[in-house]
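Here's the structure, in C-alpha cells; my notes come after.
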Amino acid sequence: MKSCCGWRTGLCQSAQAAGPPYTARSLMQYRPTDIEPKWQKAWADARVAEIDVAAPGDKLYMLNMFPYPSGDLHVGHGRNYILGDALYRYFRMQGRAALNPMGWDAFGLPAENAAIKRGIHPREWTLGNIGRMKAQFARWGILYDWSKEIASCEADYYRWNQWLFLQLYKRGLAYRGTAPVNWCPQDQTVLANEQVVDGRCERCGALVEQRELSQWFFKITEYADRLDAGLDTLEHWPEKVKLMQRNWIGRSLGADVDFQVPALGHALRIFTTRPDTIFGATFMVLAPEHPDVQQLIADHPDRAEIEAWIANVRNQSALERQEAGKEGRFTGKTAINPFTEEEIPIWLGNFVLPQYGTGAIMSVPAHDQRDFEFARQYGLPLRVVVGPPDGQPVDVAAMAEAFTFKDENGVIVNSGPIDGLPVPRAIERIIQIIEERGLGKGTVRYRLRDWLISRQRYWGTPIPMIYCDACGLQPVPEEQLPVRLPLDVPFTGREGNPLAKHEAFVNATCPQCSGAARRETDTMDTFVDSSWYFLRFVTPRDDEKIFDPALVNRWLPVDQYIGGIEHAILHLLYARFITRTLHDMGLLQFEEPFARLFNQGMIIKEGFKTPGGSWVPPAEVEWRDNKPYRGDTELTAEIGKMSKSRFNVVPPDELIERFGADTERVYTLFIAPPEKEAAWSDEGVIGAYRFLGRVWNMGAAILNAKVSGDVDPRVIRKMHQTIDAVTSRIERFEFNTAISALMEFSNVLGDAVNAGGGAELREAYETLLKLLHPFAPHATEELWSLFGNDGFILTAKWPVADRALMQEDEVVIAVQVNGKLRGQVEVAAPPEEASVWAAVDANEKIQTWLAGKTIVKKIYVPGKLVNVVVK
RNA sequence: GCGAAAGUGGCGGAAUUGGCAGACGCGCUGGACUUAGGAUCCAGUGGCCCAAAGCCGUGUGGGUUCGAGUCCCACCUUUCGCACCA
C-alpha cells in the first residue's frame, strides 16, 4: 500500500525534475482536492444554475430522469449525470437559457422494506438517502437548479397525482375493474405484467400467482392508436426505443368475424390477422376463460373433467401455462364456418389468451404454426388455402410445419371468391366481403393492456376515492386534496398494506351523503408519479394548480431527456399517455413530452467467481500466471453490472480523494461512446489524470514564461480545428472523441510551450480551457481565474472556429499503385490535380513501382489519394 | 422462434459520402531524472522479419469495385428486447 500522499509526493518531485519548461519548477501543483470543494461552493453560493422561467431567453430544457433515492451512488450511476452536466455546461456557454432541474422518485417498495427490516420510517430513510445523493452530485461538480427540486413522496407533489387521478376518473379514463392479477406472495402485492419476469417477481424473484382482484386501472388502451402513431413524429429518439414501444403496443390489423354456433343460439366472434385464410379454418379454439365456455360444456358427458382442467389452467402462472405445452379439450359443440358453411368443432385451448382479441380464434392449421401443432396433436384436419406462386400443389400429409406466406409470395387457392389473389390483396378483398355480408368487420387490435395502477402498499400516493354503503364509489372532492398519507403506521412486514389497519385513515365521510364511509387504501403505482413530473419542474411550488399552462407550453417539450434504456417502454409510454390526456383536457399544446431522448449505456466491471458460482471480493483475489485465484482455487473473471453481490462496485469517494472529480468525469466520458456499455478500468483512470495534470502544468508554465515572438502557426490551426471538432462532437454526443481531440490539441500546445512559447499561446490555452470546461469544470475554473479572468468560465462564451484558419497549407496525398499504398506526395493547398500528378511523376520511390508497366487508368480522389492502375 | 444491435491490436476504442486501418488513451518495452517509483518526462509499440524491403491484417466464406472495416449475399458468435398477441 502506498503512503497517503503518494501521488502528491510524485507531483511535488516532478516539479523539481529537469525537462521541458512546463514541467519545470513551479509554485502551482495540480491538487484536485484543494480546488474542487472551493468551486463547488462558489457555484452553489452564486446559484449559477438557478433560472427564472418567466424571463425571456433562448430556452433549453434539459432533463435527467429523476432517480429513485436508493442511497449511495457508484461510478456507474455517475455516467448518466456527468454526461448531462457536460451538455448543460456546454449549452450554458453557448448562451442558452437552460433549465436543468433534479428531483426524486421517492415513493416505492425499498423504503418500506427498509422500514420493516431496520425499523426506520420510509420517509426518514428516503430523505436521508436524498441528502447523501445530493452531496454526491455536488462532489461530482454537477449543477442542478435546486430551487426547482421536487420529491414525489411529499404531499405538495402527490396531491397533484390525486388531482390527475380525479381528472382521469371524471373522463372515464380511471376505472375500477376486476382482473386476474399477478400476485407476489413474498411482497404481498399486486404486480403489473411488466414487473413479472419469467413468471417471477421482478423485485424479489418469488413465483407469481394468479388472483382475481378488484383493481384500479388507467385506460391507456384508449390511446393505443395515438401512442403508436406518435412514434413516427419522434425523429430524435433512438430507433431501438421506438421499436420497443411499437412492439409493446402491438398494433395488428385484421378482422373480427362471427361464427354462428347453433348450440348457443348466437355467434362466437373471433379476431384474425389472416382473414384471407378463412376457407382453411377447420376448427375453432376458445380460451378456457371465455365467457361462453360454461354454456358450451353444460351437457358434456365429461363436464367434470373439463372443468377441473379449466380450473387447473386458470391457476397456472403465465410461465407454467406456457411450459405445459399446448393442451385442449373438445367442447362437443360446433360452429359454422361462414364461408365454407361446414360445421367445425369448437375446442378449448390453453394457448389462446383471454385478454387478447376476443379470446377466441379460428384455427387455420395449414397456415399458422400454433394451430398446426394443435391440430397434429389432436388429429384435427388441415386444409391448404394458400400456395406458392408457382401453383405447385401442396402435399398436406407431408407438411412438417405450417406454411405462413404473408406477402405476395402466397397465392390463395380453394377459396371461392378470392382464389388466385396474392395474400395482401386477398386480405383486403375478403374484409370487403365480410363487411358486405354482415359477418364482421375489419379491425385494429392492440397487445397493449390497460395500466393497472393499484398497489396494496403503504409508501405511495393514496388513491382519492371513498366507498359509501349508501352512495357507492365516490371521488374525493378536489378541495379536500391532498389525501395525506398518515405517517404513524406500524411496519410489521406481514399481511400487506398497513394503511388498511389505520382507523383514522380508513374512516371517512361520504362526500355525497355525509354518512360514514371507508377510504380506498390502495396506493398508486410509482409510474404515476414519474408520468408527469417533468411538467411540475417548471413551477414546482405552485399550490393552486398542477402546473402553469402558459409556462409549461413555453418550456416543453423537454429538449433533451437523458436516462437509462430500462425505461424504454413503461415510463416513457406512461409519460406519453398522461401528456396526451392533459393535452385533451386543454392544458398542453403538445402531445409528445420529450423531443430528444438519449439512453446512456451501462458501466460494467469484472467480478470474480469461484467454480461453485459464488462471488469473491477483489481483496481476496491473487494473480498468478495472469490468472485469478483465491488460495488454490482458480477463479473466473466475469464482466457485468456493478452490484454489491458481485463485489465489483467502484464508489466514487476514494477515486475523487485520489484523482479528483474532474478525472472521474473525463475518464467516464472518454471510456467509450456514451450509448454503449463500457467496462470500467481502474488502470485507465490514470490517463485522464495525467491529461489534466499536463494541462495544469502547461498553464503554470505559460503564466511564468515571458511570452513573445510568433507562435507556431500550426498551433493556431490546430486550435481552430479543435474548436470545430469539439463543438460538433458534443452536439453529436461523441464525448469520447471530443476529449481525444482536446488531448491532441493539448499535445500540440505542449510542444509549442516547450519550444519557447509565443504571444498567442495564452489565447490558445484559454481556448483549451473553455473547450475543456464541460468535462473538467473545477480545474478549468481554477486556471481561468489564475489567468486573471473575472467571473466563471461557465459563463464565458464558447469559442467559434474560423474556417479559413483551419486550412492546412500543405496537403499529403496518398499514392496507390493497383490499390496498394506505395508512397505519399505533398502539394500546396488547395491541391490541384495537375500538381499532384507532377509530384507523383517526380517521386522516385513511386516511379520504381511503375517502371516497365503499362498505365491502364489513373484515379484522383480530390485532396486525398491517387491510384495508378497498371498492367 | 421473432425482432434489433454489435464483432477492429494485449485492453478501452478511432476511422464524413467506399479512399493512407489502428487517432486518443491504458498496458507493455527502452531511456532520462532518481535512495526509490504504481510519480513525471522522452522514445517505441498490429503481426511475420535481427533490420530494411516486402508480405499479411478489421468474426468466417464469397461477391461488387481501380480501391471494402465501410456496400451486397451466405454463415458463425455475442448482447439486448419480445416471447403462444391469432
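Scheme for the C-alpha cells: letters A, B, ... for chains in order shown; per-chain residue numbers from 1; ligand numbers from 1 in order shown.
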Can you list, as an MDAnalysis selection string, every residue of range 348-568 of chain A that DSSP puts in alpha helix (DSSP H)? chainID A and resid 369:378 423:436 503:506 526:529 533:536 549:555
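Among the candidates B:A52, B:G25, B:G7, B:A15, the one nearest to Ser740 in chain A when counting only C-alpha atoms (C1' of nucleotides) is B:G25.
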I'd like the contact shell of range 261-275 of chain A - 8 Å cut-off, only C-alpha atoms (C1' of nucleotides), skipping same-chain residues fewer than 2 positions apart - returned as a list in words.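 Near range 261-275 of chain A, the qualifying residues are Ser252, Leu253, Gly254, Ala255, Asp256, Val257, Asp258, Phe259, Thr277, Ile278, Gln295, Leu296, Lys333, Thr334, Ala335, Ile336, Gly357, Thr358, Gly359, Ala360, Ile361, Met362, Ile427, Ile430 and Ile431 of chain A; A86 of chain B.
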Can those selected residues be exported to a file as a PDB file, in the first residue's frame so that it contains N, CA and C atoms (P, O5', C5', C4', C3', O3' and C1' of nucleotides)?
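Now in result.pdb:
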```
ATOM      1  N   SER A 252     -52.125  -4.528 -34.480  1.00  0.00           N
ATOM      2  CA  SER A 252     -52.361  -5.541 -35.518  1.00  0.00           C
ATOM      3  C   SER A 252     -53.626  -5.211 -36.284  1.00  0.00           C
ATOM      4  N   LEU A 253     -53.501  -5.280 -37.598  1.00  0.00           N
ATOM      5  CA  LEU A 253     -54.631  -5.040 -38.492  1.00  0.00           C
ATOM      6  C   LEU A 253     -55.243  -6.392 -38.839  1.00  0.00           C
ATOM      7  N   GLY A 254     -56.557  -6.483 -38.753  1.00  0.00           N
ATOM      8  CA  GLY A 254     -57.178  -7.759 -39.084  1.00  0.00           C
ATOM      9  C   GLY A 254     -58.678  -7.601 -39.197  1.00  0.00           C
ATOM     10  N   ALA A 255     -59.380  -8.658 -38.829  1.00  0.00           N
ATOM     11  CA  ALA A 255     -60.837  -8.600 -38.927  1.00  0.00           C
ATOM     12  C   ALA A 255     -61.469  -9.359 -37.770  1.00  0.00           C
ATOM     13  N   ASP A 256     -62.597  -8.843 -37.303  1.00  0.00           N
ATOM     14  CA  ASP A 256     -63.460  -9.575 -36.386  1.00  0.00           C
ATOM     15  C   ASP A 256     -64.491 -10.311 -37.246  1.00  0.00           C
ATOM     16  N   VAL A 257     -64.679 -11.585 -37.004  1.00  0.00           N
ATOM     17  CA  VAL A 257     -65.642 -12.362 -37.806  1.00  0.00           C
ATOM     18  C   VAL A 257     -66.512 -13.200 -36.868  1.00  0.00           C
ATOM     19  N   ASP A 258     -67.807 -13.230 -37.162  1.00  0.00           N
ATOM     20  CA  ASP A 258     -68.743 -14.028 -36.362  1.00  0.00           C
ATOM     21  C   ASP A 258     -68.888 -15.421 -36.947  1.00  0.00           C
ATOM     22  N   PHE A 259     -68.806 -16.414 -36.080  1.00  0.00           N
ATOM     23  CA  PHE A 259     -69.074 -17.802 -36.454  1.00  0.00           C
ATOM     24  C   PHE A 259     -70.340 -18.215 -35.702  1.00  0.00           C
ATOM     25  N   THR A 277     -57.334 -16.502 -44.938  1.00  0.00           N
ATOM     26  CA  THR A 277     -57.225 -17.960 -44.797  1.00  0.00           C
ATOM     27  C   THR A 277     -58.498 -18.571 -44.230  1.00  0.00           C
ATOM     28  N   ILE A 278     -59.573 -17.811 -44.210  1.00  0.00           N
ATOM     29  CA  ILE A 278     -60.780 -18.268 -43.503  1.00  0.00           C
ATOM     30  C   ILE A 278     -61.346 -19.547 -44.113  1.00  0.00           C
ATOM     31  N   GLN A 295     -71.626 -22.525 -20.913  1.00  0.00           N
ATOM     32  CA  GLN A 295     -72.813 -22.930 -21.669  1.00  0.00           C
ATOM     33  C   GLN A 295     -72.483 -24.029 -22.675  1.00  0.00           C
ATOM     34  N   LEU A 296     -71.301 -23.915 -23.266  1.00  0.00           N
ATOM     35  CA  LEU A 296     -70.925 -24.881 -24.292  1.00  0.00           C
ATOM     36  C   LEU A 296     -70.740 -26.291 -23.732  1.00  0.00           C
ATOM     37  N   LYS A 333     -69.318 -29.255 -29.186  1.00  0.00           N
ATOM     38  CA  LYS A 333     -70.195 -28.397 -29.987  1.00  0.00           C
ATOM     39  C   LYS A 333     -69.461 -27.932 -31.252  1.00  0.00           C
ATOM     40  N   THR A 334     -70.247 -27.441 -32.184  1.00  0.00           N
ATOM     41  CA  THR A 334     -69.652 -26.989 -33.440  1.00  0.00           C
ATOM     42  C   THR A 334     -70.096 -25.574 -33.792  1.00  0.00           C
ATOM     43  N   ALA A 335     -69.299 -24.971 -34.646  1.00  0.00           N
ATOM     44  CA  ALA A 335     -69.647 -23.659 -35.200  1.00  0.00           C
ATOM     45  C   ALA A 335     -69.708 -23.805 -36.710  1.00  0.00           C
ATOM     46  N   ILE A 336     -70.321 -22.805 -37.368  1.00  0.00           N
ATOM     47  CA  ILE A 336     -70.411 -22.858 -38.822  1.00  0.00           C
ATOM     48  C   ILE A 336     -69.389 -21.897 -39.417  1.00  0.00           C
ATOM     49  N   GLY A 357     -57.608  -9.893 -28.240  1.00  0.00           N
ATOM     50  CA  GLY A 357     -58.662 -10.084 -29.234  1.00  0.00           C
ATOM     51  C   GLY A 357     -59.979 -10.368 -28.539  1.00  0.00           C
ATOM     52  N   THR A 358     -60.657 -11.429 -28.977  1.00  0.00           N
ATOM     53  CA  THR A 358     -61.938 -11.765 -28.351  1.00  0.00           C
ATOM     54  C   THR A 358     -61.818 -13.000 -27.472  1.00  0.00           C
ATOM     55  N   GLY A 359     -60.572 -13.483 -27.304  1.00  0.00           N
ATOM     56  CA  GLY A 359     -60.387 -14.707 -26.524  1.00  0.00           C
ATOM     57  C   GLY A 359     -60.824 -15.943 -27.285  1.00  0.00           C
ATOM     58  N   ALA A 360     -61.049 -15.776 -28.584  1.00  0.00           N
ATOM     59  CA  ALA A 360     -61.467 -16.897 -29.421  1.00  0.00           C
ATOM     60  C   ALA A 360     -60.792 -16.762 -30.774  1.00  0.00           C
ATOM     61  N   ILE A 361     -60.401 -17.885 -31.352  1.00  0.00           N
ATOM     62  CA  ILE A 361     -59.737 -17.820 -32.654  1.00  0.00           C
ATOM     63  C   ILE A 361     -60.364 -18.819 -33.616  1.00  0.00           C
ATOM     64  N   MET A 362     -60.242 -18.508 -34.906  1.00  0.00           N
ATOM     65  CA  MET A 362     -60.481 -19.538 -35.903  1.00  0.00           C
ATOM     66  C   MET A 362     -59.125 -20.182 -36.152  1.00  0.00           C
ATOM     67  N   ILE A 427     -56.510 -10.263 -48.486  1.00  0.00           N
ATOM     68  CA  ILE A 427     -56.943  -9.767 -47.173  1.00  0.00           C
ATOM     69  C   ILE A 427     -57.903  -8.594 -47.360  1.00  0.00           C
ATOM     70  N   ILE A 430     -61.303  -9.946 -48.877  1.00  0.00           N
ATOM     71  CA  ILE A 430     -62.149 -10.769 -48.009  1.00  0.00           C
ATOM     72  C   ILE A 430     -62.789  -9.902 -46.918  1.00  0.00           C
ATOM     73  N   ILE A 431     -62.054  -8.890 -46.459  1.00  0.00           N
ATOM     74  CA  ILE A 431     -62.633  -7.993 -45.448  1.00  0.00           C
ATOM     75  C   ILE A 431     -63.832  -7.253 -46.043  1.00  0.00           C
TER      76      ILE A 431
ATOM     77  P     A B  86     -51.129 -10.856 -33.546  1.00  0.00           P
ATOM     78  O5'   A B  86     -51.711 -12.194 -34.134  1.00  0.00           O
ATOM     79  C5'   A B  86     -53.011 -12.234 -34.566  1.00  0.00           C
ATOM     80  C4'   A B  86     -53.380 -13.635 -34.926  1.00  0.00           C
ATOM     81  C3'   A B  86     -54.888 -13.807 -35.100  1.00  0.00           C
ATOM     82  O3'   A B  86     -55.299 -13.481 -36.413  1.00  0.00           O
ATOM     83  C1'   A B  86     -54.083 -15.463 -33.638  1.00  0.00           C
TER      84        A B  86
END
```
Which residues of chain B have any atom within 9 Å of an atom in chain A when counting only C-alpha atoms (C1' of nucleotides), and what is the closest pair of atoms for each, with the distance in Å to one decimal? Order the rows by chain and rising number and write it as a tab-separated table.
```
residue	atom	partner	partner_atom	distance
B:G3	C1'	A:Leu243	CA	8.9
B:A4	C1'	A:Lys240	CA	6.9
B:A5	C1'	A:Lys240	CA	8.6
B:G12	C1'	A:Ile671	CA	6.1
B:G13	C1'	A:Ala672	CA	6.4
B:A14	C1'	A:Thr737	CA	7.7
B:G19	C1'	A:Leu865	CA	6.4
B:C20	C1'	A:Ala814	CA	5.6
B:A23	C1'	A:Ser740	CA	8.1
B:C24	C1'	A:Ser740	CA	4.5
B:G25	C1'	A:Gly687	CA	6.1
B:C26	C1'	A:Gly684	CA	4.8
B:G27	C1'	A:Glu683	CA	8.5
B:A32	C1'	A:Gly19	CA	8.8
B:C33	C1'	A:Ala17	CA	6.0
B:G37	C1'	A:Gly10	CA	8.7
B:G38	C1'	A:Lys2	CA	8.4
B:A39	C1'	A:Gly10	CA	3.9
B:U40	C1'	A:Ser14	CA	4.8
B:C41	C1'	A:Gly19	CA	6.3
B:C66	C1'	A:Val869	CA	6.1
B:G67	C1'	A:Gly819	CA	5.3
B:G81	C1'	A:Met244	CA	6.7
B:C82	C1'	A:Asn247	CA	7.4
B:C84	C1'	A:Phe351	CA	5.5
B:C85	C1'	A:Arg447	CA	5.7
B:A86	C1'	A:Thr272	CA	5.7
```
Skip A43 in chain B itself and residues of its chain fewer than 3 positions away, then list as a PyMOL selection string all residues within 12 Å of it, counting only C-alpha atoms (C1' of nucleotides). chain B and resi 29-32
Based on the backbone DSSP call, show me all residues of range 569-602 of chain A assigned strand (DSSP E), as JSON, numbers by chain. {"A": [597, 598, 599, 600]}
Can you write out the residues you just picked, keeping N, CA, C and O atoms, as a short mmCIF file (atom, residue, chain, number, x, y, z; two decimals), in the first residue's frame?
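Output file result.cif is given in full below:
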```cif
data_model
loop_
_atom_site.label_atom_id
_atom_site.label_comp_id
_atom_site.auth_asym_id
_atom_site.auth_seq_id
_atom_site.Cartn_x
_atom_site.Cartn_y
_atom_site.Cartn_z
N LEU A 597 -34.35 12.11 -27.06
CA LEU A 597 -34.12 11.14 -26.00
C LEU A 597 -32.74 10.54 -26.18
O LEU A 597 -32.32 10.24 -27.31
N PHE A 598 -32.04 10.41 -25.08
CA PHE A 598 -30.75 9.73 -25.15
C PHE A 598 -30.67 8.69 -24.05
O PHE A 598 -30.94 8.98 -22.89
N ASN A 599 -30.27 7.47 -24.43
CA ASN A 599 -30.10 6.40 -23.44
C ASN A 599 -28.63 6.09 -23.29
O ASN A 599 -28.00 5.62 -24.24
N GLN A 600 -28.09 6.35 -22.11
CA GLN A 600 -26.69 6.02 -21.91
C GLN A 600 -26.54 4.53 -21.64
O GLN A 600 -27.46 3.88 -21.15
#
```
Test item: residues at most 9 Å from Val715 in chain A, only C-alpha atoms (C1' of nucleotides), excluding those fewer than 6 positions along its chain, as a list in words: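 That gives Phe745, Val748, Leu749, Ala752, Leu761 and Ala764 of chain A.
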For range 306-318 of chain A, list every protein, DNA or RNA residue within 7 Å, evaluated using only C-alpha atoms (C1' of nucleotides), and leave out those in the same chain fewer than 2 positions away; present the list as a ChimeraX atom specification. /A:199,208-210,288,302-304,320-322,329,350
Taking into account only C-alpha atoms (C1' of nucleotides), which residue in the set B:C42, B:A83, B:C28, B:U78 is nearest to A6 in chain B? B:U78
Correct to one decimal, the distance CA of Phe374 in chain A-CA of Thr331 in chain A is 15.1 Å
Would you list the contacts of Glu638 in chain A as an MDAnalysis selection string, taking every protein, DNA or RNA residue within 9 Å and counting only C-alpha atoms (C1' of nucleotides), but skipping same-chain residues closer than 5 positions in sequence? chainID A and resid 605:609
Nearest to G9 in chain B among B:U34, B:U79, B:U58, B:U70, with distances taken over only C-alpha atoms (C1' of nucleotides): which residue is it?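 The answer is B:U58, which sits nearest to G9 in chain B.
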